[in-house]
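What follows is a short report on a single structure.
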Amino acid sequence: MLSNEFLALFYGALMALAILVYAVLDGYDLGVGILLPLKDKQQADTMISSIGPFWDANETWLVLAVGLALIAFPLAHSVILQALYLPVALMLLGLILRGVAFDFRAKAKTKYQDIWDLSFKLGSFLTAFSQGFMFGLYVMSFEKSVESYGFAILSGFGVVAAYALIGSAWLIMKTTGQLQKKAIKWCKKANFVAACGVIAVSIVNPLINDFVASKWFDISESIILLPIPVLCMILFFLQNTLLSSFNNAEDISKSWRPFAIATSIFLLCFSGLLHSFYPYVVPNQLTIYESLADPSALTFMLYGVVMVVPAIIGYTLFSYRVFWGKTQALSYY
Amino acid sequence: MLDTLLLSRIQFATNISFHILFPTISIALAWFLVFFKVRYVQTKQPVWLRAYRFWVKIFALTFALGVVSGITMSFQFGTNWPGFMERIGNIAGPLLGYEVLTAFFMEATFLGVMLFGMKRVSPAVHTFSTIVVAIGTTISAFWILSLNSWMQTPVGYEIIDGVFYPKDWFAIIFNPSFGYRLSHMLLASGITASFLIAGISAYRLLKNDHKHAPKLTLQVALTVAIVLTPLQAFVGDLHGLNTFKHQPQKVAAMEGVWETEKGAPLLLFAVPDETNRTNHFELAIPNLASLILTHELDGEIKGLNEFKDAHPPVKPVFYGFRVMVGLGLLMILVTVITRVTLFKHKELPIWQLKLLVAMTFSGWVATLAGWYVTEIGRQPYMVQGLVRIDELVTKVPSEHVLYTLIGYLSVYAILLTAYIKTLFYTADKAVEVEEYELNPPMRGQQYA
């Protein structure tokens with residue numbers, strides 16, 4: 001049997017990967033939902049077309065992340081989900097509303113279609129906001145205070161902005177013409193708000209958690225860590241500059257760049273957070289080692305993970321290759 | 001104020017009842033789509049493609065509802081039943097994990113290609129994707145029913161300080177009730193989808209739809225149903241015998257047997273009275289229950305009084321069982337009548353079409369009734385005989401559970417109404433346009 005240390009690290013890393021992939025992938029399709037215009041049907045159609053083949057698989061990464069918490073760190077899973085009972089319910093409500101709206105908006109009677117568009121937009125917003133809210137409470141160690149809830153609300157808007165950022169970057173990559181121009185404007189705004197959000201979290205996090213502060217302000221460690229916030233700010237700046245030049249010349253061959261930058265920002269922020277909290281899975285309460293499930297059950301799971309995850313990555317890439325390029329007017333099923 | 005335990009039970013029952021409606025259709029509907037697609041590839045007759053295109057719309061909608069209600073389920077374990085994962089997680093976790101890894105990603109990704117990629121990939125790759133989606137839905141049923149069956153008939157574990165540890169994975173996955181429950185559920189899905197297809201096709205014919213596609217799908221659905229409905233009665237009987245062996249208290253509640261008796265009668269109808277521990281208004285056939293369960297006229301059936309404080313509430317299990325069996329028999333009857341008529345006269349009279357429309361969702365009712373029998377029949381245990389549900393419930397305040405329950409109920413009521421209305425609306429639109437245009441333009445259809 002494999003050692004507990006290895007299993008804790010392996011499943012911790014896998015769970016982190018699932019959360020990161022989820023944030024990027026469902027992030028862009030939630031972002032597209034948040035930005036959905038309610039007045040321009042044609043643009044709304046194109047936007048939804050661009051995420052149609054992917055959203056379902058994107059959401060599966062959330063199920064995997066929650067599933068891994070449940071399988072590998074059951075104690076942490078139950079502490080976190082009981083602490084987040086109401087926001088989880090709100091997020092689920094949001095996910096339900098937008099998930100079903102995908103189909104209902106095209107298949108229901110014409111007079112109801114606008115309501116489903118609205119439900120798609122609100123559902124996307126609610127999902128993103130409650131995820132940010134939960135993230136805020138997590139950073140505040142689930143403290144029940146006014147400051148804690150205040151920070152969680154700010155964090156909710158921060159995640160909405162971050163998803164809008166990556167969602168609009170997705171649209172710049174997948175669309176053309178008027179819609180692309182619009183997306184560039186959205187992207188600039190979201191880029192600014194998201195940058196403010198990242199700064200706010202970076203300041204509050206070490207102030208609240210002594211443990212986090214001790215990590216970031218340790219001289220020897222901070223030399224290795226310094227590049228993370230610096231690079232992150234450079235990327236936000238770069239994104240802004242790039243988008244301004246897009247305004248003048250709508251260079252389509254380079255239209256994948258904002259999405260690549262947004263993804264890199266997500267990656268950097270996430271690695272910063274990972275570093276802040278490791279080895280805790282519940283801040284200041286439980287480490288991944290303390291809450292690890294039975295090693296023999298996890299070893300049994302490991303075979304599956306090693307065989308199946310490469311296959312999942314393989315056919316996910318296949319599906320992105322099939323739908324590569326600009327979203328076109330095309331009939332579907 | 002209701003307590004957190006009861007509210008959590010109601011909430012979980014609400015969520016899982018709503019959820020199971022959609023996989024029950026989509027597991028088998030995916031295989032129907034494979035059949036339509038393969039027939040089109042073989043015969044090149046556009047009518048098969050029309051059948052595919054019509055039913056894939058309904059499949060996509062059904063699948064989406066299954067996905068979103070399924071995500072809710074994955075959170076419910078942690079929010080409402082934290083004790084479940086703390087104590088049973090070492091066994092339940094890997095089974096759920098394998099479901100996510102081997103089924104969810106595969107079906108979701110290939111569904112994208114199947115729905116939106118028809119013109120982007122070769123016909124062979126598209127057919128392949130359709131098959132992969134069908135395999136994915138079936139694998140998903142495999143894992144979740146393995147876990148559910150293990151909770152009914154637990155084996156292959158050891159308990160240390162109240163926590164379960166796996167000893168033998170093969171025994172856990174293929175536990176004693178698994179094969180029966182999996183076959184029973186897959187057949188239920190096949191029958192539910194057949195009656196849905198038959199009902200909607202009959203609806204189109206009643207609307208004077210003179211095209212070939214609804215006639216063809218009606219015929220396919222009834223052919224499948226005439227094979228599956230009697231088979232289900234046979235498998236259901238085997239499943240019952242398996243339950244009799246492993247969960248006698250559940251069978252005692254199903255049959256309304258209070259005192260252990262030899263030569264127990266089969267109760268066609270009765271009103272079980274749990275306070276006085278007896279039945280009222282019994283309508284019975286002597287010795288038949290014993291004959292069915294033990295294959296002997298005077299075989300012994302253990303009564304509920306042998307399991308005081310450890311048997312399920314009797315009424316829901318007793319009535320649920322009668323609803324399921326009654327509907328099952330009705331479905332056999334209806335299929336035989338309609339399929340034979342179709343064979344003889346090549347078309348169905350109006351009254352038979354109306355009958356099929358009325359029975360469009362009969363599979364849902366029978367499936368739910370069956371699940372209530374088996375799940376309520378496991379009470380008061382989470383894991384039969386080993387862990388009681390009251391040991392596992394959340395510490396969240398009951399008001400929070402109540403608010404979220406009200407939220408879920410209202411959303412589900414809206415979604416169920418919208419789903420059923422949209423099914424018939426899609427049929428109405430197909431009546432108008434399908435034949436004349438292979439790709440009726442709809443909003444949101446310009447997909448890449």
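Here, A, B, ... name the chains of the structure tokens in the order displayed, residue numbers run from 1 inside each chain, and ligands are numbered from 1 in the same displayed order.
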- Task: Pull the strand (DSSP E or B) assignments for stretch 179-327 of chain B out of DSSP run on the backbone, and list those residues as a VMD selection string.
- Result: chain B and resid 261 to 262 266 to 273 278 to 285 300 to 301
Got time to write the residues from that selection, C-alpha atoms, as a PDB file, in the first residue's frame?
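Saved to result.pdb:
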ATOM      1  CA  GLU B 261     -47.198 -16.831   9.372  1.00  0.00           C
ATOM      2  CA  LYS B 262     -47.202 -19.987   7.337  1.00  0.00           C
ATOM      3  CA  LEU B 266     -51.520 -12.133  -0.920  1.00  0.00           C
ATOM      4  CA  LEU B 267     -53.229  -8.869  -0.023  1.00  0.00           C
ATOM      5  CA  LEU B 268     -54.675  -7.231  -3.110  1.00  0.00           C
ATOM      6  CA  PHE B 269     -55.791  -4.348  -0.963  1.00  0.00           C
ATOM      7  CA  ALA B 270     -55.713  -3.392   2.737  1.00  0.00           C
ATOM      8  CA  VAL B 271     -55.243  -0.399   5.013  1.00  0.00           C
ATOM      9  CA  PRO B 272     -52.256  -1.099   7.284  1.00  0.00           C
ATOM     10  CA  ASP B 273     -52.636   0.318  10.819  1.00  0.00           C
ATOM     11  CA  THR B 278     -52.938  -4.856  12.044  1.00  0.00           C
ATOM     12  CA  ASN B 279     -54.664  -4.347   8.655  1.00  0.00           C
ATOM     13  CA  HIS B 280     -58.193  -3.172   7.902  1.00  0.00           C
ATOM     14  CA  PHE B 281     -60.372  -3.885   4.868  1.00  0.00           C
ATOM     15  CA  GLU B 282     -58.252  -6.769   3.652  1.00  0.00           C
ATOM     16  CA  LEU B 283     -58.943  -8.200   0.204  1.00  0.00           C
ATOM     17  CA  ALA B 284     -56.810 -11.316   0.031  1.00  0.00           C
ATOM     18  CA  ILE B 285     -56.001 -14.418  -1.999  1.00  0.00           C
ATOM     19  CA  GLU B 300     -43.179 -19.169   6.337  1.00  0.00           C
ATOM     20  CA  ILE B 301     -43.052 -15.376   5.999  1.00  0.00           C
TER      21      ILE B 301
END
- Item | Long-range neighbours of B:Gly78 as a list of chain:residue names, 8 Å cut-off, only C-alpha atoms, 5 positions minimum in chain | A:Leu70, A:His77, A:Ser78, A:Leu81, A:Gln82, B:Met85
- Query: If you measure from atom CA of A:Tyr289 to atom CA of A:Leu9, what distance in Å do you get, rounded to one decimal?
  - Reply: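 According to the coordinates, atom CA of A:Tyr289 and atom CA of A:Leu9 are separated by 8.3 Å.
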- Shell of 10 Å around stretch 45-55 of chain A, only C-alpha atoms, local chain residues under 3 positions omitted, as a PyMOL selection string: (chain A and resi 25-30+32-33+35-37+40-42+58-60+99+102-103+105-106+117+120+167-168+170-171+173-175+179+316+319-320+322-323+325-330+332) or (chain B and resi 108-117+443-448)
- Close residues, stretch 121-123 of chain A itself excluded, 6 Å, only C-alpha atoms, min 2 positions apart in chain, as a list in words: Gly33, Ile34, Gly94, Leu97, Arg98, Leu118, Ser119, Phe125 and Leu126 of chain A
- Selected residue, from A:Val63, A:Cys269, A:Leu38, A:Leu165, that lies nearest to B:Ser74 when counting only C-alpha atoms: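 Ranked by minimum distance to B:Ser74, first place goes to A:Val63.
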- In stretch 171-293 of chain A, DSSP helix (DSSP H, G or I) residues written as an MDAnalysis selection string: chainID A and resid 171:174 177:208 210:216 219:225 227:248 252:254 257:277
Filtering to C-alpha atoms, could you give me those residues as a short mmCIF file (atom, residue, chain, number, x, y, z; two decimals), in the first residue's frame?
data_model
loop_
_atom_site.label_atom_id
_atom_site.label_comp_id
_atom_site.auth_asym_id
_atom_site.auth_seq_id
_atom_site.Cartn_x
_atom_site.Cartn_y
_atom_site.Cartn_z
CA LEU A 171 -15.72 35.66 -26.82
CA ILE A 172 -12.89 37.71 -28.34
CA MET A 173 -11.36 34.41 -29.42
CA LYS A 174 -14.56 32.79 -30.70
CA GLY A 177 -17.49 41.79 -35.85
CA GLN A 178 -19.74 43.81 -33.55
CA LEU A 179 -19.87 41.15 -30.88
CA GLN A 180 -16.10 40.91 -30.75
CA LYS A 181 -15.86 44.69 -30.37
CA LYS A 182 -18.32 44.50 -27.49
CA ALA A 183 -16.34 41.69 -25.91
CA ILE A 184 -13.18 43.78 -26.03
CA LYS A 185 -14.94 46.54 -24.07
CA TRP A 186 -16.30 44.06 -21.51
CA CYS A 187 -12.88 42.51 -21.17
CA LYS A 188 -11.20 45.82 -20.41
CA LYS A 189 -13.68 46.65 -17.66
CA ALA A 190 -13.57 43.18 -16.13
CA ASN A 191 -9.78 43.24 -16.27
CA PHE A 192 -9.72 46.37 -14.13
CA VAL A 193 -12.23 45.12 -11.54
CA ALA A 194 -10.56 41.72 -11.31
CA ALA A 195 -7.17 43.37 -10.73
CA CYS A 196 -8.66 45.38 -7.83
CA GLY A 197 -10.18 42.16 -6.46
CA VAL A 198 -6.87 40.32 -6.57
CA ILE A 199 -5.16 43.17 -4.73
CA ALA A 200 -7.90 43.22 -2.06
CA VAL A 201 -7.65 39.48 -1.41
CA SER A 202 -3.86 39.64 -1.31
CA ILE A 203 -3.97 42.32 1.37
CA VAL A 204 -6.78 40.88 3.49
CA ASN A 205 -5.63 37.27 3.43
CA PRO A 206 -2.35 37.69 5.38
CA LEU A 207 -3.98 40.27 7.70
CA ILE A 208 -6.64 37.77 8.76
CA ASP A 210 -1.47 34.68 10.93
CA PHE A 211 -0.51 31.41 9.35
CA VAL A 212 -0.71 32.89 5.87
CA ALA A 213 1.18 36.01 6.96
CA SER A 214 3.98 33.94 8.44
CA LYS A 215 4.39 32.24 5.08
CA TRP A 216 4.35 35.31 2.88
CA ILE A 219 12.24 36.57 4.10
CA SER A 220 13.65 33.40 2.60
CA GLU A 221 10.26 32.28 1.25
CA SER A 222 9.13 35.63 -0.01
CA ILE A 223 12.05 35.83 -2.43
CA ILE A 224 10.71 32.75 -4.17
CA LEU A 225 7.14 34.00 -3.88
CA PRO A 227 7.27 36.82 -8.65
CA ILE A 228 3.67 35.64 -8.20
CA PRO A 229 2.01 38.99 -7.33
CA VAL A 230 4.43 40.91 -9.54
CA LEU A 231 3.78 38.71 -12.56
CA CYS A 232 0.08 38.84 -11.91
CA MET A 233 0.05 42.65 -12.00
CA ILE A 234 2.20 42.66 -15.13
CA LEU A 235 -0.31 40.37 -16.82
CA PHE A 236 -3.25 42.59 -15.89
CA PHE A 237 -1.34 45.53 -17.33
CA LEU A 238 -0.39 43.61 -20.44
CA GLN A 239 -4.00 42.54 -20.95
CA ASN A 240 -5.12 46.15 -20.78
CA THR A 241 -2.51 47.30 -23.30
CA LEU A 242 -3.28 44.45 -25.65
CA LEU A 243 -7.02 45.19 -25.55
CA SER A 244 -6.44 48.89 -26.27
CA SER A 245 -4.51 48.00 -29.42
CA PHE A 246 -7.32 45.60 -30.42
CA ASN A 247 -9.64 48.59 -30.50
CA ASN A 248 -7.75 50.09 -33.40
CA ILE A 252 -8.22 38.03 -35.54
CA SER A 253 -5.13 35.89 -35.81
CA LYS A 254 -4.08 37.15 -32.40
CA ARG A 257 -4.12 36.04 -26.65
CA PRO A 258 -6.49 37.68 -24.13
CA PHE A 259 -7.79 34.22 -23.22
CA ALA A 260 -4.26 32.92 -22.71
CA ILE A 261 -3.44 35.90 -20.48
CA ALA A 262 -6.64 35.49 -18.45
CA THR A 263 -5.87 31.78 -17.98
CA SER A 264 -2.35 32.63 -16.80
CA ILE A 265 -3.77 35.10 -14.29
CA PHE A 266 -6.08 32.39 -12.94
CA LEU A 267 -3.13 30.01 -12.70
CA LEU A 268 -0.94 32.52 -10.83
CA CYS A 269 -3.65 33.53 -8.35
CA PHE A 270 -4.46 29.93 -7.70
CA SER A 271 -0.86 28.95 -7.04
CA GLY A 272 -0.57 31.89 -4.65
CA LEU A 273 -3.62 30.65 -2.76
CA LEU A 274 -2.38 27.09 -2.72
CA HIS A 275 0.86 28.27 -1.22
CA SER A 276 -1.00 30.33 1.38
CA PHE A 277 -3.09 27.48 2.70
#
- Query: Which value, in Å to one decimal, gives the distance between atom CA of B:Asp209 and atom CA of B:Val431?
  - Reply: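 Those two atoms sit 5.4 Å apart.
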- Using only C-alpha atoms, the residue out of A:Gly67, A:Gly31, A:Gly12, A:Pro283 with shortest distance to chain B is A:Gly67
- Task: Write out as number ranges by chain each polymer residue whose atoms come within 10 Å of B:Gly70, counting only C-alpha atoms; drop sequence neighbours fewer than 4 positions from it.
- Result: A: 63, 96; B: 15-16, 18-20, 22-23, 64-66, 74-76
- Message: Taking 3 positions as the minimum chain separation for residues in the same chain, which residues sit within 8 Å of B:Ala134 when counting only C-alpha atoms? Answer as a list in words.
- Response: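 Surrounding residues, per the criterion: Ile27, Ala28, Ala30, Trp31, Val34, Glu107, Thr130, Ile131, Thr137 and Thr138 of chain B.
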Produce a file of the selected residues containing N, CA and C atoms, as a PDB file, in the first residue's frame.
ATOM      1  N   ILE B  27     -31.082   7.163 -19.974  1.00  0.00           N
ATOM      2  CA  ILE B  27     -30.261   5.952 -20.112  1.00  0.00           C
ATOM      3  C   ILE B  27     -30.735   5.148 -21.331  1.00  0.00           C
ATOM      4  N   ALA B  28     -32.028   4.893 -21.409  1.00  0.00           N
ATOM      5  CA  ALA B  28     -32.532   4.073 -22.515  1.00  0.00           C
ATOM      6  C   ALA B  28     -32.709   4.886 -23.796  1.00  0.00           C
ATOM      7  N   ALA B  30     -30.854   7.117 -24.907  1.00  0.00           N
ATOM      8  CA  ALA B  30     -29.554   7.159 -25.585  1.00  0.00           C
ATOM      9  C   ALA B  30     -29.392   5.951 -26.495  1.00  0.00           C
ATOM     10  N   TRP B  31     -29.838   4.776 -26.031  1.00  0.00           N
ATOM     11  CA  TRP B  31     -29.722   3.567 -26.859  1.00  0.00           C
ATOM     12  C   TRP B  31     -30.708   3.584 -28.021  1.00  0.00           C
ATOM     13  N   VAL B  34     -29.000   5.593 -30.601  1.00  0.00           N
ATOM     14  CA  VAL B  34     -27.989   4.787 -31.280  1.00  0.00           C
ATOM     15  C   VAL B  34     -28.662   3.946 -32.367  1.00  0.00           C
ATOM     16  N   GLU B 107     -19.593  11.010 -20.979  1.00  0.00           N
ATOM     17  CA  GLU B 107     -20.890  11.320 -21.591  1.00  0.00           C
ATOM     18  C   GLU B 107     -21.011  12.812 -21.882  1.00  0.00           C
ATOM     19  N   THR B 130     -22.294   9.056 -30.448  1.00  0.00           N
ATOM     20  CA  THR B 130     -23.620   8.692 -29.955  1.00  0.00           C
ATOM     21  C   THR B 130     -23.539   7.411 -29.120  1.00  0.00           C
ATOM     22  N   ILE B 131     -22.756   6.459 -29.594  1.00  0.00           N
ATOM     23  CA  ILE B 131     -22.614   5.186 -28.873  1.00  0.00           C
ATOM     24  C   ILE B 131     -21.908   5.416 -27.532  1.00  0.00           C
ATOM     25  N   THR B 137     -23.966   6.667 -20.087  1.00  0.00           N
ATOM     26  CA  THR B 137     -25.137   6.703 -19.198  1.00  0.00           C
ATOM     27  C   THR B 137     -25.315   5.353 -18.496  1.00  0.00           C
ATOM     28  N   THR B 138     -24.998   4.270 -19.192  1.00  0.00           N
ATOM     29  CA  THR B 138     -25.173   2.950 -18.592  1.00  0.00           C
ATOM     30  C   THR B 138     -24.110   2.683 -17.522  1.00  0.00           C
TER      31      THR B 138
END
- Query: Counting only C-alpha atoms, which of A:Val24, A:Met307, A:Ala152, A:Ile71 gets nearest to chain B?
  - Reply: A:Ile71
